[in-house]
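One file, target_39.pdb, carrying PDB, C-alpha atoms:
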ATOM      1  CA  MET W   8       0.000   0.000   0.000
ATOM      2  CA  SER W   9       1.396   3.308  -0.931
ATOM      3  CA  ILE W  10       0.730   6.578   0.859
ATOM      4  CA  LYS W  11       0.471   9.655  -1.224
ATOM      5  CA  ARG W  12       1.922  12.780   0.221
ATOM      6  CA  LEU W  13       0.142  16.031  -0.421
ATOM      7  CA  ASN W  14       2.244  18.979  -1.399
ATOM      8  CA  ASN W  15       1.196  21.556   1.247
ATOM      9  CA  LYS W  16       3.827  24.151   0.618
ATOM     10  CA  GLY W  17       2.898  27.805   1.118
ATOM     11  CA  ILE W  18       0.073  29.559   2.938
ATOM     12  CA  GLY W  19      -3.548  28.992   2.116
ATOM     13  CA  LEU W  20      -6.126  31.691   1.491
ATOM     14  CA  VAL W  21      -7.935  30.992   4.764
ATOM     15  CA  GLU W  22      -4.752  31.487   6.776
ATOM     16  CA  VAL W  23      -4.007  34.784   4.996
ATOM     17  CA  ILE W  24      -7.510  36.135   5.662
ATOM     18  CA  ALA W  25      -7.325  35.068   9.325
ATOM     19  CA  ALA W  26      -3.916  36.711   9.760
ATOM     20  CA  LEU W  27      -5.152  39.942   8.149
ATOM     21  CA  GLY W  28      -8.217  39.961  10.401
ATOM     22  CA  ILE W  29      -6.139  39.506  13.544
ATOM     23  CA  THR W  30      -3.688  42.204  12.408
ATOM     24  CA  LEU W  31      -6.512  44.624  11.622
ATOM     25  CA  MET W  32      -8.138  44.060  15.031
ATOM     26  CA  THR W  33      -4.799  44.602  16.782
ATOM     27  CA  ILE W  34      -4.111  47.840  14.897
ATOM     28  CA  THR W  35      -7.650  49.101  15.591
ATOM     29  CA  ALA W  36      -7.258  48.353  19.301
ATOM     30  CA  LEU W  37      -3.903  50.147  19.440
ATOM     31  CA  VAL W  38      -5.251  53.238  17.646
ATOM     32  CA  SER W  39      -8.289  53.292  19.923
ATOM     33  CA  LEU W  40      -6.061  53.008  22.995
ATOM     34  CA  ALA W  41      -3.812  55.807  21.722
ATOM     35  CA  LEU W  42      -6.789  58.133  21.148
ATOM     36  CA  TYR W  43      -8.245  57.344  24.571
ATOM     37  CA  THR W  44      -4.871  57.984  26.213
ATOM     38  CA  MET W  45      -4.447  61.305  24.397
ATOM     39  CA  ARG W  46      -7.947  62.475  25.411
ATOM     40  CA  THR W  47      -7.383  61.442  29.016
ATOM     41  CA  SER W  48      -4.024  63.182  29.063
ATOM     42  CA  LEU W  49      -5.543  66.372  27.639
ATOM     43  CA  GLN W  50      -8.402  66.199  30.152
ATOM     44  CA  SER W  51      -5.934  65.834  33.030
ATOM     45  CA  LYS W  52      -3.831  68.714  31.755
ATOM     46  CA  LEU W  53      -6.856  70.981  31.329
ATOM     47  CA  THR W  54      -8.144  70.076  34.791
ATOM     48  CA  LEU W  55      -4.798  71.027  36.301
ATOM     49  CA  GLU W  56      -4.553  74.241  34.265
ATOM     50  CA  GLY W  57      -8.209  75.029  35.031
ATOM     51  CA  SER W  58      -7.477  74.782  38.746
ATOM     52  CA  LYS W  59      -4.519  77.129  38.323
ATOM     53  CA  ILE W  60      -6.639  79.614  36.369
ATOM     54  CA  ALA W  61      -9.399  79.456  39.004
ATOM     55  CA  THR W  62      -6.872  80.039  41.789
ATOM     56  CA  ARG W  63      -5.445  83.009  39.886
ATOM     57  CA  GLU W  64      -8.948  84.431  39.403
ATOM     58  CA  ILE W  65      -9.684  84.193  43.134
ATOM     59  CA  GLU W  66      -6.374  85.886  43.918
ATOM     60  CA  LEU W  67      -7.183  88.680  41.447
ATOM     61  CA  VAL W  68     -10.566  89.264  43.126
ATOM     62  CA  ARG W  69      -8.814  89.260  46.507
ATOM     63  CA  ALA W  70      -6.221  91.749  45.218
ATOM     64  CA  TYR W  71      -9.046  93.944  43.889
ATOM     65  CA  ARG W  72     -10.648  93.868  47.328
ATOM     66  CA  ASP W  73      -7.374  94.760  49.032
ATOM     67  CA  ARG W  74      -6.611  97.506  46.506
ATOM     68  CA  SER W  75     -10.000  99.158  46.982
ATOM     69  CA  VAL W  76      -9.947 102.146  49.301
ATOM     70  CA  THR W  77     -12.847 100.847  51.373
ATOM     71  CA  TRP W  78     -15.069  97.782  51.557
ATOM     72  CA  ALA W  79     -17.901  99.883  50.136
ATOM     73  CA  ASP W  80     -15.710 100.692  47.106
ATOM     74  CA  PHE W  81     -15.105  96.971  46.595
ATOM     75  CA  LEU W  82     -18.831  96.198  46.791
ATOM     76  CA  THR W  83     -19.640  99.081  44.436
ATOM     77  CA  GLY W  84     -17.071  97.872  41.912
ATOM     78  CA  ILE W  85     -18.438  94.346  42.020
ATOM     79  CA  THR W  86     -22.112  95.327  41.839
ATOM     80  CA  SER W  87     -21.614  97.938  39.103
ATOM     81  CA  THR W  88     -20.448  95.181  36.736
ATOM     82  CA  ASN W  89     -23.363  92.884  37.655
ATOM     83  CA  CYS W  90     -21.139  90.183  39.122
ATOM     84  CA  GLU W  91     -23.713  89.415  41.779
ATOM     85  CA  VAL W  92     -25.626  86.165  41.624
ATOM     86  CA  ASN W  93     -28.785  88.149  42.358
ATOM     87  CA  PRO W  94     -29.839  90.389  40.606
ATOM     88  CA  GLY W  95     -26.979  90.598  38.082
ATOM     89  CA  SER W  96     -25.903  88.337  35.280
ATOM     90  CA  GLY W  97     -23.397  86.678  37.558
ATOM     91  CA  LEU W  98     -20.687  86.219  34.935
ATOM     92  CA  CYS W  99     -17.581  88.352  35.357
ATOM     93  CA  HIS W 100     -13.856  87.947  35.075
ATOM     94  CA  MET W 101     -10.959  89.994  36.346
ATOM     95  CA  ASP W 102      -8.953  92.066  33.885
ATOM     96  CA  ASP W 103      -5.384  90.917  34.553
ATOM     97  CA  VAL W 104      -3.813  94.218  33.536
ATOM     98  CA  ASN W 105      -6.115  96.825  35.089
ATOM     99  CA  LEU W 106      -7.234  94.631  38.003
ATOM    100  CA  ILE W 107     -10.902  95.455  37.581
ATOM    101  CA  PRO W 108     -13.958  93.222  37.174
ATOM    102  CA  VAL W 109     -15.339  92.923  33.640
ATOM    103  CA  ALA W 110     -18.982  91.965  33.046
ATOM    104  CA  ALA W 111     -18.380  88.911  30.855
ATOM    105  CA  ALA W 112     -16.647  85.566  31.004
ATOM    106  CA  GLY W 113     -12.929  85.649  30.188
ATOM    107  CA  LEU W 114     -11.275  83.468  27.581
ATOM    108  CA  ASP W 115      -7.877  81.795  27.904
ATOM    109  CA  THR W 116      -6.099  79.265  25.706
ATOM    110  CA  VAL W 117      -4.411  76.156  27.077
ATOM    111  CA  ASP W 118      -2.779  73.718  24.669
ATOM    112  CA  ASN W 119      -4.793  75.156  21.747
ATOM    113  CA  GLN W 120      -8.019  74.626  23.714
ATOM    114  CA  SER W 121     -10.342  77.506  24.611
ATOM    115  CA  VAL W 122     -10.875  77.775  28.354
ATOM    116  CA  THR W 123     -13.602  80.049  29.758
ATOM    117  CA  ARG W 124     -13.238  81.577  33.220
ATOM    118  CA  SER W 125     -15.809  83.486  35.223
ATOM    119  CA  PHE W 126     -16.716  84.321  38.770
ATOM    120  CA  THR W 127     -19.875  85.225  40.630
ATOM    121  CA  VAL W 128     -20.284  87.087  43.884
ATOM    122  CA  ASP W 129     -22.962  86.428  46.475
ATOM    123  CA  ILE W 130     -23.156  89.389  48.844
ATOM    124  CA  ASP W 131     -24.659  88.400  52.206
ATOM    125  CA  PRO W 132     -24.634  84.658  51.417
ATOM    126  CA  TYR W 133     -26.440  83.801  54.664
ATOM    127  CA  GLY W 134     -29.307  86.256  54.137
ATOM    128  CA  THR W 135     -28.717  87.986  57.468
ATOM    129  CA  GLY W 136     -28.239  91.481  56.060
ATOM    130  CA  ASP W 137     -24.495  91.355  56.802
ATOM    131  CA  THR W 138     -22.699  92.740  53.759
ATOM    132  CA  ASN W 139     -19.270  92.244  55.353
ATOM    133  CA  ILE W 140     -19.047  88.739  53.865
ATOM    134  CA  VAL W 141     -19.143  87.833  50.173
ATOM    135  CA  TYR W 142     -19.057  84.358  48.682
ATOM    136  CA  ILE W 143     -16.985  84.021  45.503
ATOM    137  CA  THR W 144     -17.523  81.159  43.051
ATOM    138  CA  VAL W 145     -15.013  80.762  40.220
ATOM    139  CA  THR W 146     -15.833  78.450  37.316
ATOM    140  CA  VAL W 147     -13.379  77.433  34.614
ATOM    141  CA  SER W 148     -14.803  75.360  31.749
ATOM    142  CA  TRP W 149     -13.610  73.805  28.504
ATOM    143  CA  GLU W 150     -14.890  71.416  25.868
ATOM    144  CA  ILE W 151     -13.329  68.167  24.682
ATOM    145  CA  VAL W 152     -14.967  66.156  21.895
ATOM    146  CA  GLY W 153     -18.331  67.846  22.379
ATOM    147  CA  ARG W 154     -18.444  67.379  26.172
ATOM    148  CA  THR W 155     -18.134  70.352  28.520
ATOM    149  CA  HIS W 156     -15.914  69.908  31.560
ATOM    150  CA  GLN W 157     -15.343  72.352  34.393
ATOM    151  CA  THR W 158     -13.608  72.980  37.649
ATOM    152  CA  ASN W 159     -14.885  75.233  40.437
ATOM    153  CA  LEU W 160     -13.277  76.998  43.376
ATOM    154  CA  TYR W 161     -15.094  78.731  46.205
ATOM    155  CA  THR W 162     -14.010  81.199  48.850
ATOM    156  CA  TYR W 163     -15.324  83.797  51.254
ATOM    157  CA  LEU W 164     -14.004  87.337  51.314
ATOM    158  CA  THR W 165     -14.616  89.467  54.368
ATOM    159  CA  ASN W 166     -14.319  93.083  55.364
ATOM    160  CA  TRP W 167     -11.208  92.258  57.344
ATOM    161  CA  ARG W 168     -10.188  95.919  57.665
ATOM    162  CA  ASN W 169     -13.613  96.903  59.081
ATOM    163  CA  GLU W 170     -13.904  99.915  56.789
TER     164      GLU W 170
END

Spit out the file's structure as structure tokens when you get a sec.
Amino acid sequence: MSIKRLNNKGIGLVEVIAALGITLMTITALVSLALYTMRTSLQSKLTLEGSKIATREIELVRAYRDRSVTWADFLTGITSTNCEVNPGSGLCHMDDVNLIPVAAAGLDTVDNQSVTRSFTVDIDPYGTGDTNIVYITVTVSWEIVGRTHQTNLYTYLTNWRNE
């Protein structure tokens, strides 16, 4: 009895298609992972930079308070630009150069991304009639792939000089 040997040299069509499919899935997974990593990295960077911008905004409001001649001047400057939560628009930002509140949200750029910063002031946050305390809320927001993200910082400013 003789056994015939088949000549199986080379790669068959099925093996080639399977190898291409596996390669394509691997490349797709790697590209997807790279995009996810880049978005996450950008989100982390913008969160960190947003916190820095919010801290700077609070310090600028504090410097404006300290630069004002009296507490009443500070309150007048804040209310004249409608930075109050009630009844004003509530969206202001500090002009970095002139150190004055501006009645609109400010715009910064971080890593070619637009970042919006604004603050609101709540005079007499406890409703007791005491205008010697104001509550400052700073919001920094940005958009990544159609989703809006933000970071917030809060602080109280007081009439520490009793003027």

field: the PyMOL selection byres ((chain W and resi 99) around 6) applied to the shown file, residues as a ChimeraX atom specification
entry: /W:90,98,100,109-112,125-126

field: Distance of atom CA of Thr158 of chain W from atom CA of Thr54 of chain W, expressed in Å to one decimal place
entry: 6.8 Å

query: How would you write, as a ChimeraX atom specification, the residues chosen by the PyMOL selection byres ((chain W and resi 144) around 10) on this structure?
result: /W:61,64-65,92,97,125-129,141-143,145-146,159-163

Return as lines of an AutoDock Vina configuration file the box centre and box size in Å, one decimal, for an axis-aligned box around all listed atoms of segment 145-154 of chain W padded by 4 Å per side.
center_x = -15.9
center_y = 73.5
center_z = 31.1
size_x = 13.1
size_y = 22.6
size_z = 26.3

query: Which residues fall under the PyMOL selection byres ((chain W and resi 119) around 12) in this file, as JSON, numbers by chain?
result: {"W": [49, 52, 53, 115, 116, 117, 118, 120, 121, 122, 149, 150, 151]}

- request: List every protein, DNA or RNA residue that has an atom no more than 10 Å from (-11.4, 88.1, 54.8) in the file's coordinate frame, counting only C-alpha atoms, and report them as a PyMOL selection string.
  value: chain W and resi 69+72-73+139-141+162-168

query: atom CA of Asp131 of chain W and atom CA of Asn105 of chain W, how far apart in Å?
result: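 Interatomic distance, atom CA of Asn105 of chain W to atom CA of Asp131 of chain W: 26.6 Å.
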
query: Skipping near chain neighbours, those fewer than 2 positions away, what residues fall within 8 Å of Met101 of chain W using all atoms listed in the file, listed as JSON, numbers by chain?
result: {"W": [64, 67, 68, 99, 103, 106, 107, 108, 109, 113]}

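Picture a line from atom CA of Ala70 of chain W to atom CA of Asp102 of chain W; it runs 11.7 Å.
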
- prompt: Which one of W:Leu114, W:Leu55, W:Ile130, W:Val104 sits closest to Asn89 of chain W if you count all atoms listed in the file?
  reply: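 Distance minimum relative to Asn89 of chain W lands on W:Ile130.
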
query: Counting all atoms listed in the file, what is within 7 Å of Ser148 of chain W, bar same-chain residues fewer than 3 positions away, as number ranges by chain?
result: W: 122-124, 155-158

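Proximity to Arg154 of chain W was assessed for W:Thr35, W:Thr86, W:Gln50, W:Glu22 counting only C-alpha atoms; the smallest distance is recorded for W:Gln50.
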
query: So, counting all atoms listed in the file, which residue among W:Met32, W:Ile24, W:Thr138, W:Met45 is closest to Phe81 of chain W?
result: W:Thr138

Your completed segment 75-104 of chain W with N, CA and C atoms, as a compact mmCIF listing (two decimals), in the coordinates of the input:
# COMPACT_ATOMS: atom_id res chain seq x y z
N SER W 75 -8.92 98.18 46.84
CA SER W 75 -10.00 99.16 46.98
C SER W 75 -9.77 99.98 48.24
N VAL W 76 -10.16 101.25 48.17
CA VAL W 76 -9.95 102.15 49.30
C VAL W 76 -10.75 101.67 50.51
N THR W 77 -12.00 101.33 50.28
CA THR W 77 -12.85 100.85 51.37
C THR W 77 -13.61 99.61 50.91
N TRP W 78 -14.23 98.94 51.86
CA TRP W 78 -15.07 97.78 51.56
C TRP W 78 -16.24 98.20 50.67
N ALA W 79 -16.79 99.38 50.95
CA ALA W 79 -17.90 99.88 50.14
C ALA W 79 -17.46 100.08 48.68
N ASP W 80 -16.22 100.55 48.47
CA ASP W 80 -15.71 100.69 47.11
C ASP W 80 -15.62 99.33 46.41
N PHE W 81 -15.18 98.33 47.14
CA PHE W 81 -15.10 96.97 46.60
C PHE W 81 -16.49 96.49 46.19
N LEU W 82 -17.47 96.65 47.09
CA LEU W 82 -18.83 96.20 46.79
C LEU W 82 -19.42 96.97 45.61
N THR W 83 -19.15 98.27 45.55
CA THR W 83 -19.64 99.08 44.44
C THR W 83 -19.03 98.62 43.12
N GLY W 84 -17.74 98.34 43.13
CA GLY W 84 -17.07 97.87 41.91
C GLY W 84 -17.61 96.54 41.44
N ILE W 85 -17.90 95.67 42.38
CA ILE W 85 -18.44 94.35 42.02
C ILE W 85 -19.88 94.46 41.53
N THR W 86 -20.70 95.24 42.22
CA THR W 86 -22.11 95.33 41.84
C THR W 86 -22.32 96.16 40.58
N SER W 87 -21.43 97.11 40.30
CA SER W 87 -21.61 97.94 39.10
C SER W 87 -21.36 97.14 37.82
N THR W 88 -20.67 96.03 37.91
CA THR W 88 -20.45 95.18 36.74
C THR W 88 -21.37 93.97 36.72
N ASN W 89 -22.37 93.97 37.59
CA ASN W 89 -23.36 92.88 37.66
C ASN W 89 -22.74 91.52 37.90
N CYS W 90 -21.76 91.46 38.79
CA CYS W 90 -21.14 90.18 39.12
C CYS W 90 -21.92 89.42 40.17
N GLU W 91 -22.93 90.06 40.74
CA GLU W 91 -23.71 89.42 41.78
C GLU W 91 -24.55 88.28 41.20
N VAL W 92 -24.74 87.26 42.02
CA VAL W 92 -25.63 86.16 41.62
C VAL W 92 -27.04 86.70 41.47
N ASN W 93 -27.48 87.50 42.41
CA ASN W 93 -28.78 88.15 42.36
C ASN W 93 -28.57 89.63 42.58
N PRO W 94 -28.99 90.52 41.78
CA PRO W 94 -29.84 90.39 40.61
C PRO W 94 -29.08 90.39 39.29
N GLY W 95 -27.76 90.43 39.31
CA GLY W 95 -26.98 90.60 38.08
C GLY W 95 -26.87 89.35 37.24
N SER W 96 -26.09 89.46 36.20
CA SER W 96 -25.90 88.34 35.28
C SER W 96 -25.06 87.25 35.92
N GLY W 97 -24.20 87.65 36.84
CA GLY W 97 -23.40 86.68 37.56
C GLY W 97 -22.13 86.25 36.87
N LEU W 98 -21.90 86.64 35.62
CA LEU W 98 -20.69 86.22 34.94
C LEU W 98 -19.74 87.39 34.77
N CYS W 99 -18.62 87.33 35.46
CA CYS W 99 -17.58 88.35 35.36
C CYS W 99 -16.23 87.65 35.32
N HIS W 100 -15.23 88.41 34.92
CA HIS W 100 -13.86 87.95 35.08
C HIS W 100 -13.00 89.15 35.42
N MET W 101 -11.85 88.90 35.98
CA MET W 101 -10.96 89.99 36.35
C MET W 101 -10.04 90.31 35.18
N ASP W 102 -9.92 91.60 34.88
CA ASP W 102 -8.95 92.07 33.88
C ASP W 102 -7.57 91.98 34.53
N ASP W 103 -6.71 91.15 33.96
CA ASP W 103 -5.38 90.92 34.55
C ASP W 103 -4.53 92.17 34.61
N VAL W 104 -4.68 93.04 33.63
CA VAL W 104 -3.81 94.22 33.54
C VAL W 104 -4.30 95.34 34.45
